[in-house]
$ cat model38.cif   # mmCIF, C-alpha atoms; chains and numbers go by the auth columns
data_model
loop_
_atom_site.group_PDB
_atom_site.id
_atom_site.type_symbol
_atom_site.label_atom_id
_atom_site.label_comp_id
_atom_site.label_asym_id
_atom_site.label_seq_id
_atom_site.Cartn_x
_atom_site.Cartn_y
_atom_site.Cartn_z
_atom_site.B_iso_or_equiv
_atom_site.auth_seq_id
_atom_site.auth_asym_id
ATOM 1 C CA MET A 1 -16.627 -9.471 50.913 0.00 1484 F
ATOM 2 C CA SER A 2 -15.871 -6.427 48.937 0.00 1485 F
ATOM 3 C CA GLU A 3 -12.374 -5.141 49.206 0.00 1486 F
ATOM 4 C CA ILE A 4 -11.338 -1.619 48.630 0.00 1487 F
ATOM 5 C CA VAL A 5 -8.474 -1.289 46.205 0.00 1488 F
ATOM 6 C CA GLN A 6 -6.642 1.938 46.058 0.00 1489 F
ATOM 7 C CA VAL A 7 -5.386 2.932 42.648 0.00 1490 F
ATOM 8 C CA GLN A 8 -2.680 5.482 42.361 0.00 1491 F
ATOM 9 C CA ARG A 9 -1.788 7.086 39.136 0.00 1492 F
ATOM 10 C CA LYS A 10 1.283 8.951 38.228 0.00 1493 F
ATOM 11 C CA ILE A 11 1.167 11.669 35.669 0.00 1494 F
ATOM 12 C CA PHE A 12 4.269 12.271 33.642 0.00 1495 F
ATOM 13 C CA GLY A 13 5.091 15.250 31.509 0.00 1496 F
ATOM 14 C CA LYS A 14 5.764 14.864 27.779 0.00 1497 F
ATOM 15 C CA ASN A 15 9.540 14.655 28.189 0.00 1498 F
ATOM 16 C CA THR A 16 9.490 12.420 31.275 0.00 1499 F
ATOM 17 C CA PHE A 17 6.976 9.990 29.746 0.00 1500 F
ATOM 18 C CA LYS A 18 9.371 8.816 26.998 0.00 1501 F
ATOM 19 C CA ASN A 19 12.103 8.221 29.595 0.00 1502 F
ATOM 20 C CA VAL A 20 9.856 6.174 31.911 0.00 1503 F
ATOM 21 C CA VAL A 21 7.524 4.289 29.563 0.00 1504 F
ATOM 22 C CA ASP A 22 8.855 1.915 26.888 0.00 1505 F
ATOM 23 C CA THR A 23 6.966 3.040 23.781 0.00 1506 F
ATOM 24 C CA ASN A 24 8.521 0.313 21.606 0.00 1507 F
ATOM 25 C CA PHE A 25 6.389 -2.370 23.298 0.00 1508 F
ATOM 26 C CA ASN A 26 9.478 -4.387 24.191 0.00 1509 F
ATOM 27 C CA GLN A 27 7.906 -5.363 27.505 0.00 1510 F
ATOM 28 C CA LEU A 28 5.389 -7.555 25.624 0.00 1511 F
ATOM 29 C CA LEU A 29 8.088 -9.988 24.518 0.00 1512 F
ATOM 30 C CA PRO A 30 9.572 -12.673 26.711 0.00 1513 F
ATOM 31 C CA ALA A 31 12.999 -11.638 28.006 0.00 1514 F
ATOM 32 C CA ASP A 32 14.775 -14.473 26.168 0.00 1515 F
ATOM 33 C CA SER A 33 12.857 -13.970 22.927 0.00 1516 F
ATOM 34 C CA THR A 34 14.766 -13.060 19.819 0.00 1517 F
ATOM 35 C CA ILE A 35 12.753 -11.977 16.824 0.00 1518 F
ATOM 36 C CA PRO A 36 14.617 -12.055 13.542 0.00 1519 F
ATOM 37 C CA VAL A 37 14.774 -8.670 11.949 0.00 1520 F
ATOM 38 C CA LEU A 38 14.104 -8.921 8.243 0.00 1521 F
ATOM 39 C CA PRO A 39 15.490 -6.307 5.909 0.00 1522 F
ATOM 40 C CA PRO A 40 12.846 -4.214 4.184 0.00 1523 F
ATOM 41 C CA ALA A 41 11.623 -5.543 0.857 0.00 1524 F
ATOM 42 C CA THR A 42 13.053 -3.788 -2.179 0.00 1525 F
ATOM 43 C CA VAL A 43 12.760 -4.261 -5.916 0.00 1526 F
ATOM 44 C CA ASP A 44 16.290 -5.702 -5.938 0.00 1527 F
ATOM 45 C CA THR A 45 15.488 -8.253 -3.213 0.00 1528 F
ATOM 46 C CA PHE A 46 12.247 -9.134 -5.040 0.00 1529 F
ATOM 47 C CA PHE A 47 14.190 -10.092 -8.154 0.00 1530 F
ATOM 48 C CA VAL A 48 16.777 -12.027 -6.140 0.00 1531 F
ATOM 49 C CA ASP A 49 13.928 -13.977 -4.510 0.00 1532 F
ATOM 50 C CA TYR A 50 12.213 -14.382 -7.895 0.00 1533 F
ATOM 51 C CA ASP A 51 15.395 -15.834 -9.409 0.00 1534 F
ATOM 52 C CA ASN A 52 15.759 -18.231 -6.470 0.00 1535 F
ATOM 53 C CA LEU A 53 12.100 -19.342 -6.661 0.00 1536 F
ATOM 54 C CA PHE A 54 11.719 -19.287 -10.446 0.00 1537 F
ATOM 55 C CA TYR A 55 11.424 -23.055 -10.968 0.00 1538 F
ATOM 56 C CA ASP A 56 9.312 -23.518 -7.818 0.00 1539 F
ATOM 57 C CA ILE A 57 6.596 -21.192 -9.156 0.00 1540 F
ATOM 58 C CA PRO A 58 3.952 -23.155 -11.088 0.00 1541 F
ATOM 59 C CA PRO A 59 3.389 -22.028 -14.687 0.00 1542 F
ATOM 60 C CA SER A 60 -0.387 -21.593 -14.253 0.00 1543 F
ATOM 61 C CA GLY A 61 -3.362 -22.659 -12.183 0.00 1544 F
ATOM 62 C CA SER A 62 -3.680 -20.279 -9.220 0.00 1545 F
ATOM 63 C CA SER A 63 -2.922 -16.753 -8.082 0.00 1546 F
ATOM 64 C CA THR A 64 0.738 -17.579 -7.355 0.00 1547 F
ATOM 65 C CA THR A 65 1.947 -18.545 -10.821 0.00 1548 F
ATOM 66 C CA HIS A 66 4.069 -17.234 -13.657 0.00 1549 F
ATOM 67 C CA LEU A 67 0.903 -16.605 -15.662 0.00 1550 F
ATOM 68 C CA GLU A 68 -0.496 -14.461 -12.831 0.00 1551 F
ATOM 69 C CA LEU A 69 2.717 -12.401 -12.815 0.00 1552 F
ATOM 70 C CA VAL A 70 2.407 -11.895 -16.573 0.00 1553 F
ATOM 71 C CA ASN A 71 -1.261 -10.917 -16.274 0.00 1554 F
ATOM 72 C CA ARG A 72 -0.641 -8.462 -13.426 0.00 1555 F
ATOM 73 C CA SER A 73 2.318 -6.857 -15.182 0.00 1556 F
ATOM 74 C CA SER A 74 0.432 -6.715 -18.486 0.00 1557 F
ATOM 75 C CA GLU A 75 -2.530 -5.048 -16.784 0.00 1558 F
ATOM 76 C CA TYR A 76 -0.222 -2.556 -15.082 0.00 1559 F
ATOM 77 C CA LEU A 77 1.465 -1.744 -18.390 0.00 1560 F
ATOM 78 C CA GLY A 78 -1.850 -1.491 -20.221 0.00 1561 F
ATOM 79 C CA ILE A 79 -1.028 -4.421 -22.493 0.00 1562 F
ATOM 80 C CA SER A 80 -3.379 -7.355 -23.028 0.00 1563 F
ATOM 81 C CA PHE A 81 -1.413 -10.612 -22.969 0.00 1564 F
ATOM 82 C CA THR A 82 -4.176 -12.483 -24.796 0.00 1565 F
ATOM 83 C CA ASP A 83 -4.354 -9.739 -27.441 0.00 1566 F
ATOM 84 C CA LEU A 84 -0.616 -10.155 -28.025 0.00 1567 F
ATOM 85 C CA LEU A 85 -1.010 -13.935 -28.396 0.00 1568 F
ATOM 86 C CA ASP A 86 -3.892 -13.400 -30.846 0.00 1569 F
ATOM 87 C CA GLU A 87 -1.796 -10.949 -32.852 0.00 1570 F
ATOM 88 C CA ILE A 88 1.085 -13.444 -33.015 0.00 1571 F
ATOM 89 C CA ALA A 89 -1.290 -16.164 -34.249 0.00 1572 F
ATOM 90 C CA ASP A 90 -2.705 -13.798 -36.907 0.00 1573 F
ATOM 91 C CA LEU A 91 0.801 -12.862 -38.068 0.00 1574 F
ATOM 92 C CA ARG A 92 1.792 -16.536 -38.312 0.00 1575 F
ATOM 93 C CA ASN A 93 -1.283 -17.271 -40.442 0.00 1576 F
ATOM 94 C CA GLU A 94 -0.519 -14.277 -42.646 0.00 1577 F
ATOM 95 C CA ASN A 95 3.084 -15.475 -42.967 0.00 1578 F
ATOM 96 C CA VAL A 96 1.926 -18.918 -44.131 0.00 1579 F
ATOM 97 C CA ALA A 97 -0.445 -17.350 -46.655 0.00 1580 F
ATOM 98 C CA LEU A 98 2.324 -15.109 -48.019 0.00 1581 F
ATOM 99 C CA LYS A 99 4.750 -18.046 -48.301 0.00 1582 F
ATOM 100 C CA ASN A 100 2.125 -19.969 -50.253 0.00 1583 F
ATOM 101 C CA GLN A 101 1.540 -16.955 -52.489 0.00 1584 F
ATOM 102 C CA ILE A 102 5.292 -16.551 -53.131 0.00 1585 F
ATOM 103 C CA TYR A 103 5.620 -20.264 -53.900 0.00 1586 F
ATOM 104 C CA THR A 104 2.669 -20.149 -56.302 0.00 1587 F
ATOM 105 C CA LEU A 105 4.064 -17.090 -58.104 0.00 1588 F
ATOM 106 C CA THR A 106 7.605 -18.474 -58.381 0.00 1589 F
ATOM 107 C CA ASN A 107 6.544 -22.002 -59.418 0.00 1590 F
ATOM 108 C CA PRO A 108 3.976 -21.622 -62.184 0.00 1591 F
ATOM 109 C CA SER A 109 4.379 -25.275 -63.161 0.00 1592 F
ATOM 110 C CA GLY A 110 1.401 -26.096 -60.986 0.00 1593 F
ATOM 111 C CA SER A 111 3.088 -28.330 -58.416 0.00 1594 F
ATOM 112 C CA LYS A 112 0.875 -29.055 -55.458 0.00 1595 F
ATOM 113 C CA TRP A 113 3.228 -28.217 -52.621 0.00 1596 F
ATOM 114 C CA SER A 114 2.298 -25.622 -50.028 0.00 1597 F
ATOM 115 C CA PHE A 115 3.313 -24.352 -46.628 0.00 1598 F
ATOM 116 C CA GLN A 116 1.157 -25.235 -43.677 0.00 1599 F
ATOM 117 C CA LYS A 117 0.686 -23.607 -40.325 0.00 1600 F
ATOM 118 C CA THR A 118 2.562 -25.371 -37.526 0.00 1601 F
ATOM 119 C CA GLU A 119 1.441 -25.204 -33.929 0.00 1602 F
#
$ encode --input "model38.cif" --output "structure tokens"
Amino acid sequence: MSEIVQVQRKIFGKNTFKNVVDTNFNQLLPADSTIPVLPPATVDTFFVDYDNLFYDIPPSGSSTTHLELVNRSSEYLGISFTDLLDEIADLRNENVALKNQIYTLTNPSGSKWSFQKTE
């Protein structure tokens, strides 16, 4: 039951090959298929998309959040976001202490009013 199959091969030169063989792989698509061609991503299109999606992006909780963008950008810039938040908290506490000191120095009558840190 074996059948002999003859295989013929054609050899094309470098210049002829490109004229005969479709090197763009268009033959793999159905004839009626239309694939949308997307423009290449750019920094400008990223920010347009970011502006359009801004309120759809969750603030925190996963790898697709505003907080993740801040962390990635901070890491890229060599800035620690948490260190900045800690520094702000320290400066607020120092500000409260200085206000209390100013109040104490300018009101020697001994009143018991003082500034307090607000969250």
$ atom_distance --input "model38.cif" --atom1 "atom CA of Leu1550 of chain F" --atom2 "atom CA of Phe1564 of chain F"
9.7 Å
$ resolve_selection --input "model38.cif" --expression "the PyMOL selection byres ((chain F and resi 1524-1538) around 12)" --output "PDB file with C-alpha atoms, in the coordinates of the input"
ATOM      1  CA  VAL F1520      14.774  -8.670  11.949  1.00  0.00           C
ATOM      2  CA  LEU F1521      14.104  -8.921   8.243  1.00  0.00           C
ATOM      3  CA  PRO F1522      15.490  -6.307   5.909  1.00  0.00           C
ATOM      4  CA  PRO F1523      12.846  -4.214   4.184  1.00  0.00           C
ATOM      5  CA  ASP F1539       9.312 -23.518  -7.818  1.00  0.00           C
ATOM      6  CA  ILE F1540       6.596 -21.192  -9.156  1.00  0.00           C
ATOM      7  CA  PRO F1541       3.952 -23.155 -11.088  1.00  0.00           C
ATOM      8  CA  PRO F1542       3.389 -22.028 -14.687  1.00  0.00           C
ATOM      9  CA  THR F1547       0.738 -17.579  -7.355  1.00  0.00           C
ATOM     10  CA  THR F1548       1.947 -18.545 -10.821  1.00  0.00           C
ATOM     11  CA  HIS F1549       4.069 -17.234 -13.657  1.00  0.00           C
ATOM     12  CA  LEU F1552       2.717 -12.401 -12.815  1.00  0.00           C
TER      13      LEU F1552
END
$ atom_distance --input "model38.cif" --atom1 "atom CA of Ile1487 of chain F" --atom2 "atom CA of Val1504 of chain F"
27.5 Å
$ atom_distance --input "model38.cif" --atom1 "atom CA of Leu1567 of chain F" --atom2 "atom CA of Ile1585 of chain F"
26.6 Å
$ build_atoms --input "model38.cif" --residues "segment 1570-1589 of chain F" --atoms "N, CA and C atoms" --output "PDB file, keeping the file's coordinate frame"
ATOM      1  N   GLU F1570      -2.510 -11.639 -31.775  1.00  0.00           N
ATOM      2  CA  GLU F1570      -1.796 -10.949 -32.852  1.00  0.00           C
ATOM      3  C   GLU F1570      -0.680 -11.829 -33.422  1.00  0.00           C
ATOM      4  N   ILE F1571       0.026 -12.531 -32.553  1.00  0.00           N
ATOM      5  CA  ILE F1571       1.085 -13.444 -33.015  1.00  0.00           C
ATOM      6  C   ILE F1571       0.490 -14.542 -33.885  1.00  0.00           C
ATOM      7  N   ALA F1572      -0.638 -15.110 -33.458  1.00  0.00           N
ATOM      8  CA  ALA F1572      -1.290 -16.164 -34.249  1.00  0.00           C
ATOM      9  C   ALA F1572      -1.723 -15.622 -35.610  1.00  0.00           C
ATOM     10  N   ASP F1573      -2.290 -14.417 -35.633  1.00  0.00           N
ATOM     11  CA  ASP F1573      -2.705 -13.798 -36.907  1.00  0.00           C
ATOM     12  C   ASP F1573      -1.504 -13.574 -37.827  1.00  0.00           C
ATOM     13  N   LEU F1574      -0.401 -13.097 -37.265  1.00  0.00           N
ATOM     14  CA  LEU F1574       0.801 -12.862 -38.068  1.00  0.00           C
ATOM     15  C   LEU F1574       1.378 -14.168 -38.607  1.00  0.00           C
ATOM     16  N   ARG F1575       1.326 -15.232 -37.819  1.00  0.00           N
ATOM     17  CA  ARG F1575       1.792 -16.536 -38.312  1.00  0.00           C
ATOM     18  C   ARG F1575       0.936 -17.017 -39.483  1.00  0.00           C
ATOM     19  N   ASN F1576      -0.393 -16.866 -39.343  1.00  0.00           N
ATOM     20  CA  ASN F1576      -1.283 -17.271 -40.442  1.00  0.00           C
ATOM     21  C   ASN F1576      -1.022 -16.443 -41.688  1.00  0.00           C
ATOM     22  N   GLU F1577      -0.825 -15.151 -41.512  1.00  0.00           N
ATOM     23  CA  GLU F1577      -0.519 -14.277 -42.646  1.00  0.00           C
ATOM     24  C   GLU F1577       0.810 -14.678 -43.289  1.00  0.00           C
ATOM     25  N   ASN F1578       1.779 -15.043 -42.460  1.00  0.00           N
ATOM     26  CA  ASN F1578       3.084 -15.475 -42.967  1.00  0.00           C
ATOM     27  C   ASN F1578       2.943 -16.740 -43.817  1.00  0.00           C
ATOM     28  N   VAL F1579       2.151 -17.686 -43.365  1.00  0.00           N
ATOM     29  CA  VAL F1579       1.926 -18.918 -44.131  1.00  0.00           C
ATOM     30  C   VAL F1579       1.257 -18.595 -45.461  1.00  0.00           C
ATOM     31  N   ALA F1580       0.253 -17.722 -45.420  1.00  0.00           N
ATOM     32  CA  ALA F1580      -0.445 -17.350 -46.655  1.00  0.00           C
ATOM     33  C   ALA F1580       0.508 -16.667 -47.640  1.00  0.00           C
ATOM     34  N   LEU F1581       1.363 -15.795 -47.146  1.00  0.00           N
ATOM     35  CA  LEU F1581       2.324 -15.109 -48.019  1.00  0.00           C
ATOM     36  C   LEU F1581       3.356 -16.076 -48.590  1.00  0.00           C
ATOM     37  N   LYS F1582       3.808 -17.039 -47.776  1.00  0.00           N
ATOM     38  CA  LYS F1582       4.750 -18.046 -48.301  1.00  0.00           C
ATOM     39  C   LYS F1582       4.099 -18.855 -49.418  1.00  0.00           C
ATOM     40  N   ASN F1583       2.839 -19.215 -49.207  1.00  0.00           N
ATOM     41  CA  ASN F1583       2.125 -19.969 -50.253  1.00  0.00           C
ATOM     42  C   ASN F1583       1.976 -19.134 -51.523  1.00  0.00           C
ATOM     43  N   GLN F1584       1.681 -17.837 -51.343  1.00  0.00           N
ATOM     44  CA  GLN F1584       1.540 -16.955 -52.489  1.00  0.00           C
ATOM     45  C   GLN F1584       2.866 -16.816 -53.237  1.00  0.00           C
ATOM     46  N   ILE F1585       3.968 -16.651 -52.513  1.00  0.00           N
ATOM     47  CA  ILE F1585       5.292 -16.551 -53.131  1.00  0.00           C
ATOM     48  C   ILE F1585       5.616 -17.837 -53.882  1.00  0.00           C
ATOM     49  N   TYR F1586       5.329 -18.982 -53.255  1.00  0.00           N
ATOM     50  CA  TYR F1586       5.620 -20.264 -53.900  1.00  0.00           C
ATOM     51  C   TYR F1586       4.808 -20.414 -55.188  1.00  0.00           C
ATOM     52  N   THR F1587       3.532 -20.032 -55.126  1.00  0.00           N
ATOM     53  CA  THR F1587       2.669 -20.149 -56.302  1.00  0.00           C
ATOM     54  C   THR F1587       3.161 -19.250 -57.428  1.00  0.00           C
ATOM     55  N   LEU F1588       3.597 -18.036 -57.087  1.00  0.00           N
ATOM     56  CA  LEU F1588       4.064 -17.090 -58.104  1.00  0.00           C
ATOM     57  C   LEU F1588       5.412 -17.482 -58.693  1.00  0.00           C
ATOM     58  N   THR F1589       6.261 -18.121 -57.896  1.00  0.00           N
ATOM     59  CA  THR F1589       7.605 -18.474 -58.381  1.00  0.00           C
ATOM     60  C   THR F1589       7.654 -19.869 -58.983  1.00  0.00           C
TER      61      THR F1589
END
